[in-house]
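Colleague: Could you have a look at this structure, given as structure tokens, before my questions?
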Amino acid sequence: MANNIVTFTTDFGTSDHYVGAMKGVILRLNPEAKIVDISNSVNSFDILDGALTIAQTYQFFPADTIHMVIVDPGVGTARRPLLVTTEKHKFIAPDNGVLSLVYEREERLSVRHITSEHYFLSPISQTFHGRDIFAPCAGWLSKGVETSKFGEEVTDFARFAAPKPKPASPMVMKGVILKADKFGNLITNLTAKEVPAMFQTPAPPFKIIVNNKEITTMRAAYALGMHNEVFAIVGSMGYLEIASNRGSAKALLGADRGSEIGIMIDGVTYAPPAAAAPATPPAAAATT
Amino acid sequence: MANNIVTFTTDFGTSDHYVGAMKGVILRLNPEAKIVDISNSVNSFDILDGALTIAQTYQFFPADTIHMVIVDPGVGTARRPLLVTTEKHKFIAPDNGVLSLVYEREERLSVRHITSEHYFLSPISQTFHGRDIFAPCAGWLSKGVETSKFGEEVTDFARFAAPKPKPASPMVMKGVILKADKFGNLITNLTAKEVPAMFQTPAPPFKIIVNNKEITTMRAAYALGMHNEVFAIVGSMGYLEIASNRGSAKALLGADRGSEIGIMIDGVTYAPPAAAAPATPPAAAATT
Amino acid sequence: MANNIVTFTTDFGTSDHYVGAMKGVILRLNPEAKIVDISNSVNSFDILDGALTIAQTYQFFPADTIHMVIVDPGVGTARRPLLVTTEKHKFIAPDNGVLSLVYEREERLSVRHITSEHYFLSPISQTFHGRDIFAPCAGWLSKGVETSKFGEEVTDFARFAAPKPKPASPMVMKGVILKADKFGNLITNLTAKEVPAMFQTPAPPFKIIVNNKEITTMRAAYALGMHNEVFAIVGSMGYLEIASNRGSAKALLGADRGSEIGIMIDGVTYAPPAAAAPATPPAAAATT
């Protein structure tokens with residue numbers, strides 16, 4: 001029944017022994033496990049980056065896949081290790097919000113506080129729970145140990161709302177760059193929900209301001225951009241992106257993760273911020 | 001019969017979700033697939049770098065391996081997705097020449113334009129065909145779907161000639177640095193075909209000019225070089241390389257991919273460029 | 001019986017074809033092999049870095065795992081290819097000391113000089129034995145070929161002592177930074193053997209000097225550090241580490257691999273260096 005797949009989404013990097021040690025721990029418990037690296041190059045300590053990475057990938061994996069999501073700056077403190085079960089997937093992660101975007105998408109959710117220490121390595125370091133707690137639990141889980149054996153369900157788990165766009169005026173929707181990818185594409189937090197017109201073809205005239213620079217063209221494909229032109233494009237993650245053809249929008253604009261962005265769309269007005277507040281989650285990441 | 005191996009050669013990097021999403025798509029279709037990363041760090045948009053990477057690796061894999069080669073700056077435009085079958089291997093790639101060096105080596109070749117949309121994800125983004133088209137086709141292919149099911153054969157596929165050395169004068173053969181590797185070794189495009197004397201032991205006296213610097217020694221192994229000496233060496237890719245012992249020839253010479261190189265070999269003369277032209281492919285990459 | 005796992009610890013990087021070619025060679029010989037990347041980003045030519053990486057990981061893998069450890073600046077010279085068998089593991093590596101920390105930990109050790117050329121690729125390059133010698137031997141080994149078939153046992157294999165701390169005065173123990181990890185944590189060579197008081201809770205008052213900066217606090221977990229504070233912490237590798245909470249101690253101190261460190265601990269004195277000499281291995285790496 002189980003597919004034996006265990007994925008890794010971590011900020012441990014690939015230059016050190018960390019990821020290798022975790023793989024060893026899992027394979028010693030279950031030599032049949034199939035470990036798949038999603039990314040071990042999440043920005044160090046960056047819970048939002050980890051949250052985005054797993055949220056863009058887990059749904060493509062087969063049912064019963066076990067996803068380890070270890071971005072864990074609070075290792076060794078009271079933050080809890082969690083085992084999360086959704087309709088089709090399992091997740092092992094620290095309770096710091098790194099699964100927030102999974103929680104957002106999944107209706108049925110069981111969140112357990114992992115407390116069964118007999119599944120842990122011994123002794124446990126206070127600096128590498130990836131190896132000492134999370135990996136052995138993933139190993140046991142992949143062998144078919146039932147989720148209920150790992151600990152009790154909890155409901156007060158940490159979660160944050162990803163930064164959401166909000167109107168700054170009737171004319172301007174403000175957003176933020178969620179991340180710059182390897183190509184220098186800037187992924188904004190604007191989706192079809194906040195700016196539906198930008199996701200239609202053709203998009204109406206618009207103006208995006210990032211770092212005091214204006215973007216006024218939309219392209220249907222990267223390769224349709226002019227040389228050194230920075231344009232908007234509907235990205236594969238469901239967000240509006242800012243890109244350049246065979247170039248880096250990040251470099252051309254001097255913008256990066258966290259940069260603010262404003263968009264004005266011809267013929268589109270927004271309710272003033274005050275009125276919109278109840279329906280808009282907080283822009284800043286906040287734990288429960 | 002099938003070995004279930006699917007290799008990845010891409011420029012998607014390892015910091016983002018792209019490679020993870022593609023792996024998920026394949027594994028959801030075929031949990032038995034064995035995904036092997038060749039490199040996901042091909043230079044962004046660099047078709048020649050991708051072509052070199054796959055050309056140096058595919059032949060070592062077992063028969064029936066499926067190679068995904070996704071360096072795809074034209075994603076979303078009319079460039080076609082291809083399924084290429086050689087005597088022993090299968091390749092899935094965009095039709096932009098990234099398989100040119102495979103075409104060069106293989107005598108028997110079937111190239112199909114992938115058109116069977118029922119194998120694609122739905123909806124299809126215009127920015128990430130790696131996930132939406134190429135990966136699911138690799139997944140189905142690894143499950144044993146026949147190549148003929150994916151689309152019709154075509155013959156007008158894009159290919160380019162890798163930059164080839166050519167005589168600049170009766171005394172001087174001109175070449176180019178194809179790439180600098182992780183160690184700073186500079187891989188030239190000079191092979192035993194153009195400069196056979198350099199591949200004999202011992203090589204005759206010679207002079208290589210790169211970036212106004214002279215190289216006049218040949219070493220049989222990296223460790224035989226003097227401290228900070230830059231020397232020529234017969235590389236493992238079949239190309240003449242320029243290297244340094246425990247150091248970076250790239251840094252020492254200030255040379256990199258694309259840098260021109262001239263070589264003069266004692267007692268060797270070349271036919272003038274004009275006469276040699278018919279036998280020499282164009283130096284610059286050109287599509288058919 | 002065999003678990004089919006072959007791990008990679010190399011300095012080949014992930015941008016080139018090297019690792020992919022090695023994987024292909026192994027899989028062509030044994031399509032059932034399970035290749036697991038520990039790290040291919042060992043510092044170029046850095047034997048100590050490779051030694052640390054494998055020493056921190058191999059023990060977590062299941063019995064009968066084959067570990068390829070290829071950091072091989074001497075490729076093409078007379079340095080021998082080795083097949084090392086310990087009680088539970090097998091290692092394939094060049095004879096340059098990269099397994100020294102494995103030798104240090106393992107009581108029962110068989111070290112063979114690989115000479116059976118019929119297991120090698122042909123022809124053999126002088127620049128890439130990872131592909132031409134080490135990988136095919138790993139492939140055959142994973143298929144169950146007995147270790148005795150690869151060559152005779154030797155006893156004069158290269159090994160070095162990792163840099164060990166030693167007293168610089170009755171008050172000061174001197175050590176060195178072994179490596180900086182991806183987070184900027186500085187791993188020192190101080191263990192519970194040389195400074196046991198630092199591994200107790202609570203640690204006595206102490207002062208560590210690195211790069212003319214003083215560290216006087218110890219934290220039980222990274223997240224307990226103040227903003228921009230640099231502190232000592234008991235690391236997961238068994239070494240004392242110097243770290244910062246969500247920051248880089250490396251950047252904050254301007255220290256890195258090789259930086260010297262001095263530690264004074266309240267109430268602790270050391271025998272003078274001369275008297276301690278017999279029990280202390282040489283600080284500098286030296287081959288036999």
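In the structure tokens, the first chain shown is A, the next is B, and so on; residue numbers restart at 1 for each chain, and ligands run from 1 in the order shown.
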After fitting chain C to chain B over all Cα atoms matched in order, what RMSD is left?

Modeller: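 The optimal C-alpha superposition leaves an RMSD of 0.0 Å.
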
Colleague: Which residues are close to Ser148 (chain B), i.e. within 8 Å by only C-alpha atoms, leaving aside same-chain residues fewer than 3 positions away? Reply as a PyMOL selection string.

Modeller: chain B and resi 112+151-152

Colleague: May I have the selected residues written with N, CA and C atoms, as an mmCIF file, in the first residue's frame?

Modeller:
```
data_model
loop_
_atom_site.group_PDB
_atom_site.id
_atom_site.type_symbol
_atom_site.label_atom_id
_atom_site.label_comp_id
_atom_site.auth_asym_id
_atom_site.auth_seq_id
_atom_site.Cartn_x
_atom_site.Cartn_y
_atom_site.Cartn_z
ATOM 1 N N ARG B 112 10.235 12.365 -32.366
ATOM 2 C CA ARG B 112 8.787 12.566 -32.449
ATOM 3 C C ARG B 112 8.372 13.885 -31.817
ATOM 4 N N GLY B 151 3.194 10.904 -30.504
ATOM 5 C CA GLY B 151 3.106 11.847 -31.619
ATOM 6 C C GLY B 151 3.854 11.317 -32.832
ATOM 7 N N GLU B 152 3.792 12.089 -33.896
ATOM 8 C CA GLU B 152 4.374 11.671 -35.167
ATOM 9 C C GLU B 152 5.863 11.988 -35.246
#
```

Colleague: Pull out every residue of chain A sitting within 6 Å of chain C, counting only C-alpha atoms, and send them as a PDB file with C-alpha atoms, in the first residue's frame.

Modeller:
```
ATOM      1  CA  THR A  14      24.102  20.228   0.248  1.00  0.00           C
ATOM      2  CA  SER A  15      27.633  21.114   1.344  1.00  0.00           C
ATOM      3  CA  HIS A  17      26.714  16.153   6.199  1.00  0.00           C
ATOM      4  CA  GLY A  20      23.285  12.617   4.295  1.00  0.00           C
ATOM      5  CA  ALA A  21      22.941  11.778   7.977  1.00  0.00           C
ATOM      6  CA  GLY A  24      21.131   7.281   6.509  1.00  0.00           C
ATOM      7  CA  VAL A  25      18.855   7.268   9.547  1.00  0.00           C
ATOM      8  CA  ARG A  28      18.757   2.110   8.251  1.00  0.00           C
ATOM      9  CA  GLY A  74      13.869  26.810  16.977  1.00  0.00           C
ATOM     10  CA  GLY A  76      16.176  22.465  20.872  1.00  0.00           C
ATOM     11  CA  SER A 125      21.250  16.476  20.308  1.00  0.00           C
ATOM     12  CA  GLN A 126      19.743  19.923  20.870  1.00  0.00           C
ATOM     13  CA  THR A 127      20.934  21.185  17.508  1.00  0.00           C
ATOM     14  CA  PHE A 128      19.971  18.523  14.959  1.00  0.00           C
TER      15      PHE A 128
END
```

Colleague: To one decimal in Å, tell me the separation between CA of Val145 (chain B) and CA of Val98 (chain B).

Modeller: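 Computing the Euclidean distance for CA of Val145 (chain B) and CA of Val98 (chain B) yields 23.9 Å.
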
Colleague: Considering only strand (DSSP E) as DSSP defines it on the backbone, what residues of region 153-268 of chain A qualify? List them as a VMD selection string.

Modeller: chain A and resid 166 to 167 173 to 180 186 to 191 206 to 210 213 to 215 230 to 234 239 to 244 260 to 265

Colleague: Separation of CA of Ile70 (chain A) and CA of Met68 (chain C), in Å?

Modeller: 26.5 Å

Colleague: Per DSSP on the backbone, filter region 101-247 of chain A down to the residues in alpha helix (DSSP H) and report them as a list of chain:residue names.

Modeller: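 DSSP on the backbone gives alpha helix (DSSP H) at A:Leu101, A:Val102, A:Tyr103, A:Glu104, A:Arg105, A:His129, A:Ala135, A:Pro136, A:Cys137, A:Ala138, A:Gly139, A:Trp140, A:Leu141, A:Ser142.
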
Colleague: Using the selection just defined, write its residues with C-alpha atoms as a short mmCIF file (atom, residue, chain, number, x, y, z; two decimals), in the first residue's frame.

Modeller:
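Written out: part_36.cif:
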```
data_model
loop_
_atom_site.label_atom_id
_atom_site.label_comp_id
_atom_site.auth_asym_id
_atom_site.auth_seq_id
_atom_site.Cartn_x
_atom_site.Cartn_y
_atom_site.Cartn_z
CA LEU A 101 0.29 26.85 3.30
CA VAL A 102 -0.50 23.15 3.49
CA TYR A 103 -3.00 23.84 6.28
CA GLU A 104 -4.51 26.55 4.09
CA ARG A 105 -5.16 24.17 1.21
CA HIS A 129 16.48 17.15 15.47
CA ALA A 135 14.25 11.37 10.31
CA PRO A 136 13.71 8.32 12.54
CA CYS A 137 10.00 9.13 12.79
CA ALA A 138 9.86 9.33 8.99
CA GLY A 139 11.65 6.00 8.82
CA TRP A 140 9.21 4.29 11.17
CA LEU A 141 6.26 5.92 9.47
CA SER A 142 7.46 4.65 6.09
#
```

Colleague: Rounded to one decimal in Å, what is the spacing between CA of Met171 (chain A) and CA of Thr269 (chain A)?

Modeller: 5.2 Å
